[in-house]
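Source file entry.csv; content: CSV, C-alpha atoms.
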```
chain,number,residue,atom,x,y,z
T,8,MET,CA,-33.3,-10.3,3.0
T,9,LYS,CA,-29.6,-10.9,3.1
T,10,ASN,CA,-29.0,-8.6,0.1
T,11,THR,CA,-31.1,-5.9,1.7
T,12,PHE,CA,-29.1,-6.1,5.0
T,13,LEU,CA,-25.8,-6.0,3.1
T,14,GLY,CA,-27.0,-3.1,1.0
T,15,ALA,CA,-28.1,-1.2,4.1
T,16,THR,CA,-24.8,-1.9,5.8
T,17,LEU,CA,-22.8,-0.7,2.8
T,18,VAL,CA,-24.9,2.5,2.6
T,19,ALA,CA,-24.4,3.1,6.3
T,20,ALA,CA,-20.6,2.6,5.9
T,21,LEU,CA,-20.5,5.0,3.0
T,22,VAL,CA,-22.5,7.6,4.8
T,23,ALA,CA,-20.3,7.3,7.9
T,24,GLY,CA,-17.2,7.6,5.8
T,25,ALA,CA,-18.5,10.6,4.0
T,26,ALA,CA,-19.4,12.2,7.3
T,27,GLY,CA,-15.9,11.6,8.6
T,28,MET,CA,-14.4,13.1,5.5
T,29,ALA,CA,-16.8,16.1,5.8
T,30,ALA,CA,-15.8,16.6,9.4
T,31,ALA,CA,-12.1,16.5,8.5
T,32,GLN,CA,-12.7,18.9,5.7
T,33,SER,CA,-14.6,21.3,7.9
T,34,ALA,CA,-11.8,21.1,10.5
T,35,ALA,CA,-9.3,21.9,7.8
T,36,ASP,CA,-11.5,24.8,6.6
T,37,ALA,CA,-11.8,26.1,10.2
T,38,ILE,CA,-8.0,25.9,10.6
T,39,ALA,CA,-7.3,27.6,7.3
T,40,THR,CA,-9.8,30.4,8.0
T,41,ARG,CA,-8.4,31.1,11.5
T,42,GLN,CA,-4.8,31.0,10.3
T,43,ALA,CA,-5.6,33.5,7.5
T,44,GLY,CA,-7.4,35.7,10.0
T,45,PHE,CA,-4.5,35.6,12.5
T,46,LYS,CA,-2.1,36.5,9.7
T,47,ALA,CA,-4.3,39.4,8.7
T,48,ILE,CA,-4.5,40.8,12.3
T,49,GLY,CA,-0.7,40.3,12.5
T,50,ALA,CA,-0.4,42.6,9.5
T,51,ALA,CA,-2.9,45.1,10.9
T,52,THR,CA,-0.9,45.1,14.2
T,53,GLY,CA,2.3,45.6,12.3
T,54,ALA,CA,0.9,48.6,10.4
T,55,ILE,CA,-0.4,50.2,13.5
T,56,LYS,CA,2.9,49.7,15.3
T,57,LYS,CA,4.9,51.1,12.4
T,58,ALA,CA,2.6,54.2,12.3
T,59,VAL,CA,2.9,54.7,16.0
T,60,GLU,CA,6.7,54.4,16.0
T,61,GLY,CA,6.9,56.7,13.0
T,62,GLY,CA,4.8,59.4,14.5
T,63,GLN,CA,2.4,59.3,11.5
T,64,ASP,CA,-1.3,60.4,11.4
T,65,LEU,CA,-3.2,57.5,12.9
T,66,THR,CA,-6.8,58.2,11.8
T,67,GLY,CA,-6.5,56.2,8.6
T,68,LEU,CA,-5.5,53.2,10.7
T,69,ALA,CA,-8.8,53.0,12.5
T,70,VAL,CA,-10.0,50.5,9.9
T,71,ARG,CA,-7.0,48.2,10.8
T,72,GLY,CA,-7.9,48.5,14.5
T,73,GLN,CA,-11.5,47.6,13.6
T,74,GLU,CA,-10.1,44.4,11.9
T,75,LEU,CA,-8.6,43.4,15.2
T,76,ALA,CA,-11.8,44.0,17.1
T,77,ASP,CA,-14.0,42.2,14.5
T,78,PHE,CA,-11.7,39.3,14.4
T,79,GLY,CA,-11.5,39.0,18.2
T,80,ARG,CA,-15.3,38.6,18.2
T,81,LYS,CA,-15.0,35.8,15.6
T,82,ILE,CA,-12.3,33.8,17.2
T,83,PRO,CA,-14.5,31.5,19.4
T,84,ALA,CA,-16.4,30.3,16.4
T,85,LEU,CA,-13.2,29.6,14.5
T,86,PHE,CA,-12.2,26.8,17.0
T,87,PRO,CA,-15.0,24.2,16.7
T,88,ALA,CA,-14.6,20.9,18.4
T,89,GLY,CA,-12.4,18.6,16.3
T,90,SER,CA,-10.3,21.4,14.7
T,91,GLY,CA,-7.3,20.9,17.0
T,92,PRO,CA,-4.3,18.7,16.6
T,93,GLU,CA,-6.6,15.6,16.6
T,94,SER,CA,-7.8,16.7,13.2
T,95,GLY,CA,-4.5,15.7,11.6
T,96,ALA,CA,-4.2,19.2,10.0
T,97,LYS,CA,-1.3,21.4,10.7
T,98,THR,CA,-2.2,23.7,13.6
T,99,ARG,CA,-0.4,25.3,16.5
T,100,ALA,CA,-3.7,25.3,18.5
T,101,LEU,CA,-3.2,23.4,21.8
T,102,PRO,CA,-5.8,21.1,23.2
T,103,SER,CA,-6.1,23.5,26.2
T,104,ILE,CA,-8.3,25.6,24.0
T,105,TRP,CA,-11.1,23.0,24.1
T,106,GLN,CA,-10.3,22.0,27.7
T,107,ASN,CA,-10.7,25.6,28.8
T,108,LYS,CA,-13.1,26.9,26.1
T,109,ALA,CA,-14.8,29.5,28.3
T,110,ASP,CA,-11.5,31.1,29.3
T,111,PHE,CA,-10.3,31.0,25.7
T,112,ASP,CA,-13.5,32.6,24.5
T,113,GLY,CA,-13.2,35.2,27.2
T,114,LYS,CA,-9.7,36.1,26.2
T,115,ALA,CA,-10.9,36.6,22.6
T,116,MET,CA,-13.6,38.9,23.8
T,117,SER,CA,-11.0,40.8,25.8
T,118,LEU,CA,-9.0,41.3,22.6
T,119,ALA,CA,-12.1,42.7,20.9
T,120,ALA,CA,-12.8,45.0,23.8
T,121,GLU,CA,-9.2,46.3,23.9
T,122,ALA,CA,-9.2,46.7,20.1
T,123,ASP,CA,-12.4,48.7,20.3
T,124,LYS,CA,-10.6,51.2,22.6
T,125,LEU,CA,-7.7,51.3,20.1
T,126,VAL,CA,-10.1,52.2,17.3
T,127,ILE,CA,-11.5,55.1,19.3
T,128,ALA,CA,-8.0,56.4,20.0
T,129,LEU,CA,-7.0,55.9,16.3
T,130,ARG,CA,-10.0,57.8,15.1
T,131,ALA,CA,-9.1,60.7,17.4
T,132,ASN,CA,-5.4,60.6,16.3
T,133,ASP,CA,-4.7,60.5,20.0
T,134,LYS,CA,-1.1,59.3,20.0
T,135,ALA,CA,-0.8,58.8,23.7
T,136,GLY,CA,-4.2,57.0,23.8
T,137,VAL,CA,-3.2,54.8,20.8
T,138,ALA,CA,0.1,53.9,22.5
T,139,ALA,CA,-1.7,52.8,25.6
T,140,ALA,CA,-4.5,51.0,23.8
T,141,PHE,CA,-2.1,49.3,21.4
T,142,ALA,CA,-0.1,48.0,24.4
T,143,ALA,CA,-3.2,46.7,26.1
T,144,THR,CA,-4.5,45.1,22.8
T,145,THR,CA,-1.2,43.3,22.1
T,146,ALA,CA,-1.0,42.2,25.7
T,147,THR,CA,-4.3,40.5,25.4
T,148,CYS,CA,-3.0,38.7,22.3
T,149,GLY,CA,0.0,37.5,24.2
T,150,ALA,CA,-2.2,36.4,27.1
T,151,CYS,CA,-3.9,34.0,24.8
T,152,HIS,CA,-0.8,32.8,22.9
T,153,ARG,CA,1.0,31.5,26.0
T,154,PRO,CA,-1.6,29.0,27.2
T,155,TYR,CA,-3.3,28.2,23.9
T,156,ARG,CA,-0.7,28.3,21.1
T,157,GLU,CA,2.2,25.9,20.5
T,158,PRO,CA,5.5,27.9,20.3
T,159,GLN,CA,7.2,28.0,17.0
```
Would you mind writing the file's structure down as structure tokens?
Amino acid sequence: MKNTFLGATLVAALVAGAAGMAAAQSAADAIATRQAGFKAIGAATGAIKKAVEGGQDLTGLAVRGQELADFGRKIPALFPAGSGPESGAKTRALPSIWQNKADFDGKAMSLAAEADKLVIALRANDKAGVAAAFAATTATCGACHRPYREPQ
């Protein structure tokens, strides 16, 4: 009986430890995925900005605008509970994300909506429309950075 109890206790401890390691791994995976995504949309934003400033044809950049819109829709899922600073992984995500998750998710959806408008203007090669939509899209990015991202 004693051996059965000790064996069960040992198994429970191993399972709990493995679950803790899995949670830490999934937090690290979520952080890595979102950091790669933010880097990619930074590159997309930079490419659009360069084209706008250079007076280039903008239609080919609609795919980059679509990357912004698609990523905006994915952002809420990339911030699961436990993937903030408490995970021990390197992240600039502030605890306010999880304290105000509905607002954070809403800001991500605003990014997607503004980027959708940008895509339409890019496809039309509407330089004035792109300039306005680009300004609105990047403003929604900044609106999220201030309350939810640790400054560099």
*Provide the CA of Ala35 in chain T to CA of Asp77 in chain T distance in Å, to one decimal place.*
21.9 Å
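A straight line drawn from CA of Ile82 in chain T to CA of Val59 in chain T is 25.9 Å long.
The space between CA of Cys148 in chain T and CA of Ser33 in chain T spans 25.4 Å.
Of the listed residues T:Asp36, T:Asp133, T:Asp110, T:Asp123, the one whose atoms come nearest to Leu75 in chain T is T:Asp123, with distances taken using all atoms listed in the file.
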_Quick one: residues within 9 Å of Tyr155 in chain T, all atoms listed in the file, excluding same-chain residues fewer than 4 positions away - as number ranges by chain?_
T: 99-104, 111, 150-151
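When only C-alpha atoms are used to compute distances to Gly79 in chain T, the closest of the residues T:Ala96, T:Ala34, T:Leu118, T:Leu129 turns out to be T:Leu118.
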